[in-house]
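Have a look at the structure below, then the notes.
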Amino acid sequence: MSARPRRPPRRRASGRAISIWVIALLVAAVATIQIRSEAEVERSLVGIDTTSLAFLIDDLHRANDALLAEQADLKQRQATLQSGNGAAADQVLTDEAHRLRAVEGLVAVHGPGVVIVIDAAGLKALDLQDALNNLSAGGAEAIAVNDRRVVVGVPIEQAGGGVAIGGVVVLPPWTITTIGDATRIAEVANLMTQELRADRRVRQASYRVEADIAIQAVISEKPFVYAISS
Amino acid sequence: MTRRQVLSTVAVAAVALATGFVVAGQVKAQLLTPSNQVARYQALVRSVQDLESANASSRNEISALRAQIDGLETEAAGRSAATQALEDQVSNLRAHAGLTALHGPGVEVRLANGAPGPDTSGQARYLVNFQDVQDVVNLLFAQGAEAIAVNGRRITPLTAFSGSAGQVVIDQGPPLSSPIKVSAIGDRNRMVSALDDPSALPDIRARQVQFQLHLTFLGIADLTLPAYDSSLRIPHVSPT
């Protein structure tokens, strides 16, 4: 009599199959998570890194604070105008005219700020444009270079005799007078002068913070030739 | 259990143990770290998105308030000649400060990212950066542009450019990225001929060759620029 072939019990076989499937699933899940994590990191980090994002968040916080302050000013102006008082309307318009003249560099101004002195040979118009832009981004609200008022729109160009501001050559040393948030501007000025001192073309770069600086230089308003109010 | 069975069991256990350590190391080093990186990155991105949304809402509110104030001023000017004269002055000043929508002939300059390529500078020079935009804006002002906007953001006398890694931040606006459109009202022939000058915008032109950075421009018979929608506060400055 031949013996019946030994067969594993059905339950044991199916248990093993389930175990294999569970292990396979776990391996597949881990592999998928791993691949997706790496892909996501790669995709999300394209173009901008976390440090830049952190700076961006800082900038946006500061920007949003400035926007909220502007909103508060505008609401106050609106409330004054809504009072219907003619004298109040005149005062609102007069204040606005004074503020805009200062913004556009049409009047002499004063306030706290920082004076930066740069003595160098061979600095170009681009160097001055970058320096002034950095100071504006760092909180400067009014700027003059060697008693020439500068706002965005005043051309700073490379001329035969050096760097020209509004068509007039401004020879070194450059004294950059800024009015604004002196603490923030001083931080920018500190970094800027450190970098400049490392530049072979620069003989001297220094700054000082002042409680009250006056900028007497003004710009003449140019009437529009091409632009029309919409 | 035979000696052979014991040996093979020990061998399987050792391999399993080694595999376990390797897998654990891998999980710790590569699976968890990227996951944390992603979570941290996503949290930062969410913060940026929330702040940008608040930023857009504030700028809309500012535009609406300015429009309402304009209306109230016009109403007040209708009641008095002196107020009317003041309002005319302020309107002119606002137009020059970028607070009024303008239209007229001009140029549109388009800047777009190039292609990554070999670069020893350590910077992503194939991307349009804020200095490029600043250079184009300065060039156009030097050629007599009367008003400029960048991707619809109006440039004012106090405008500052900043940003990093292909991001261009103008004043209190959200970051802009490629493609960038600089629109300027003014003498379009003069502006086009300055842009055509091969010696103008040297850094951009060098990167046009090296990274295929895009720079194109076009004269336009009539283009419209929106009004500035952000803050022009100068809290530290007083007229003398």
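Within each chain, counting starts at residue 1; across the structure tokens, chains are named A, B, ... in the order shown, with ligands numbered 1 upward in that order.
In this structure, the chain B residues at most 6 Å away from chain A are Leu31, Pro34, Ser35, Val38, Val48, Asn55, Ile62, Ile69, Thr83, Val90, Ala101, Leu102, His103, Gly104, Phe141, Ala142, Pro157, Ala160, Gln172, Gly186, Ser231, Ile234, His236, Val237, Ser238, Pro239 and Thr240 of chain B, with only C-alpha atoms considered.
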### Query
Near Ala227 (chain B), within 9 Å and counting only C-alpha atoms, which residues show up once chain neighbours fewer than 3 positions away are dropped, as JSON, numbers by chain?
{"B": [63, 95, 98, 99, 100, 101, 102, 152, 153, 154]}
### Task
Would you list, as a PyMOL selection string, the residues of region 78-175 of chain A that end up in strand (DSSP E) under DSSP run on this structure's backbone?
chain A and resi 109-120+140-145+148-150+156-159+162-165+168-169+174-175
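The coordinates place CA of Ala217 (chain A) at 24.4 Å from CA of Gln204 (chain A).
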### Message
When DSSP is applied to the backbone of this structure, which of region 10-161 of chain A are assigned helix (DSSP H, G or I)? Write them out as a ChimeraX atom specification.
### Response
/A:10-44,50-82,86-103,125-137
Those same residues - C-alpha atoms - I'd like them written as a compact mmCIF listing (two decimals), in the first residue's frame.
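Generated file (selection_11.txt):
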# COMPACT_ATOMS: atom_id res chain seq x y z
CA ARG A 10 -4.62 24.35 3.57
CA ARG A 11 -4.79 26.90 6.41
CA ARG A 12 -0.98 26.89 6.85
CA ALA A 13 -0.46 27.48 3.10
CA SER A 14 -2.87 30.39 2.98
CA GLY A 15 -1.28 31.89 6.13
CA ARG A 16 2.13 31.81 4.47
CA ALA A 17 0.70 33.42 1.31
CA ILE A 18 -0.88 36.18 3.36
CA SER A 19 2.42 36.77 5.17
CA ILE A 20 4.25 37.05 1.85
CA TRP A 21 1.63 39.49 0.56
CA VAL A 22 1.81 41.59 3.72
CA ILE A 23 5.61 41.73 3.52
CA ALA A 24 5.47 42.56 -0.18
CA LEU A 25 2.92 45.29 0.52
CA LEU A 26 5.06 46.75 3.28
CA VAL A 27 8.14 46.73 1.07
CA ALA A 28 6.16 48.35 -1.75
CA ALA A 29 4.73 50.95 0.65
CA VAL A 30 8.13 51.82 2.09
CA ALA A 31 9.64 52.01 -1.40
CA THR A 32 6.80 54.20 -2.65
CA ILE A 33 7.04 56.55 0.33
CA GLN A 34 10.79 56.75 -0.11
CA ILE A 35 10.60 57.49 -3.84
CA ARG A 36 7.78 60.02 -3.38
CA SER A 37 9.57 61.79 -0.53
CA GLU A 38 12.69 62.20 -2.58
CA ALA A 39 10.75 63.29 -5.65
CA GLU A 40 8.78 65.81 -3.63
CA VAL A 41 11.89 67.30 -2.08
CA GLU A 42 13.48 67.54 -5.49
CA ARG A 43 10.41 69.10 -7.10
CA SER A 44 9.67 71.56 -4.29
CA THR A 50 14.41 77.20 2.34
CA THR A 51 16.76 80.04 3.31
CA SER A 52 15.42 82.19 0.48
CA LEU A 53 11.88 81.28 1.56
CA ALA A 54 12.68 82.38 5.11
CA PHE A 55 13.96 85.73 3.80
CA LEU A 56 10.86 86.03 1.64
CA ILE A 57 8.65 85.49 4.70
CA ASP A 58 10.55 88.21 6.54
CA ASP A 59 10.14 90.61 3.63
CA LEU A 60 6.43 89.82 3.29
CA HIS A 61 5.86 90.43 7.02
CA ARG A 62 7.54 93.83 6.72
CA ALA A 63 5.65 94.62 3.50
CA ASN A 64 2.30 93.66 5.02
CA ASP A 65 2.99 95.83 8.09
CA ALA A 66 3.73 98.78 5.76
CA LEU A 67 0.51 98.11 3.82
CA LEU A 68 -1.53 98.01 7.05
CA ALA A 69 0.01 101.33 8.14
CA GLU A 70 -0.91 102.83 4.74
CA GLN A 71 -4.46 101.52 5.10
CA ALA A 72 -4.74 103.12 8.55
CA ASP A 73 -3.53 106.48 7.15
CA LEU A 74 -5.99 106.28 4.25
CA LYS A 75 -8.91 105.42 6.55
CA GLN A 76 -8.09 108.42 8.71
CA ARG A 77 -7.95 110.67 5.63
CA GLN A 78 -11.26 109.22 4.42
CA ALA A 79 -12.92 109.85 7.80
CA THR A 80 -11.74 113.48 7.79
CA LEU A 81 -13.10 114.01 4.27
CA GLN A 82 -16.39 112.33 5.20
CA GLY A 86 -14.36 122.26 3.75
CA ALA A 87 -11.44 123.36 5.94
CA ALA A 88 -10.71 119.73 6.80
CA ALA A 89 -10.70 118.80 3.11
CA ASP A 90 -8.25 121.63 2.39
CA GLN A 91 -6.01 120.43 5.20
CA VAL A 92 -6.08 116.83 3.90
CA LEU A 93 -5.15 118.03 0.40
CA THR A 94 -2.42 120.36 1.67
CA ASP A 95 -0.85 117.58 3.77
CA GLU A 96 -1.04 115.19 0.83
CA ALA A 97 0.65 117.75 -1.46
CA HIS A 98 3.49 118.25 1.07
CA ARG A 99 3.98 114.50 1.45
CA LEU A 100 4.01 113.86 -2.30
CA ARG A 101 6.46 116.71 -2.92
CA ALA A 102 8.81 115.09 -0.40
CA VAL A 103 8.31 111.65 -2.01
CA ALA A 125 27.18 104.01 -12.58
CA LEU A 126 25.97 100.45 -11.97
CA ASP A 127 27.83 100.38 -8.63
CA LEU A 128 26.12 103.59 -7.53
CA GLN A 129 22.70 102.40 -8.79
CA ASP A 130 23.09 99.16 -6.80
CA ALA A 131 24.21 101.00 -3.67
CA LEU A 132 21.27 103.41 -3.81
CA ASN A 133 18.80 100.60 -4.50
CA ASN A 134 20.15 98.65 -1.49
CA LEU A 135 19.71 101.71 0.71
CA SER A 136 16.14 102.23 -0.55
CA ALA A 137 15.34 98.57 0.07
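Shortest atom-to-atom contact with Ala97 (chain B) among B:Ala56, B:Leu232, B:Ala11, B:Leu44: B:Leu232, counting only C-alpha atoms.
Here CA of Leu213 (chain B) stands at a distance of 27.6 Å from CA of Glu52 (chain B).
Minimum distance to Val182 (chain B) across B:Gly219, B:His214, B:Arg233, B:Glu108 (counting only C-alpha atoms) occurs at B:Glu108.
Between Gly144 (chain B) and the candidates B:Asp132, B:Asp222, B:Asp119, B:Asp187, the tightest atom-to-atom separation, counting only C-alpha atoms, involves B:Asp187.
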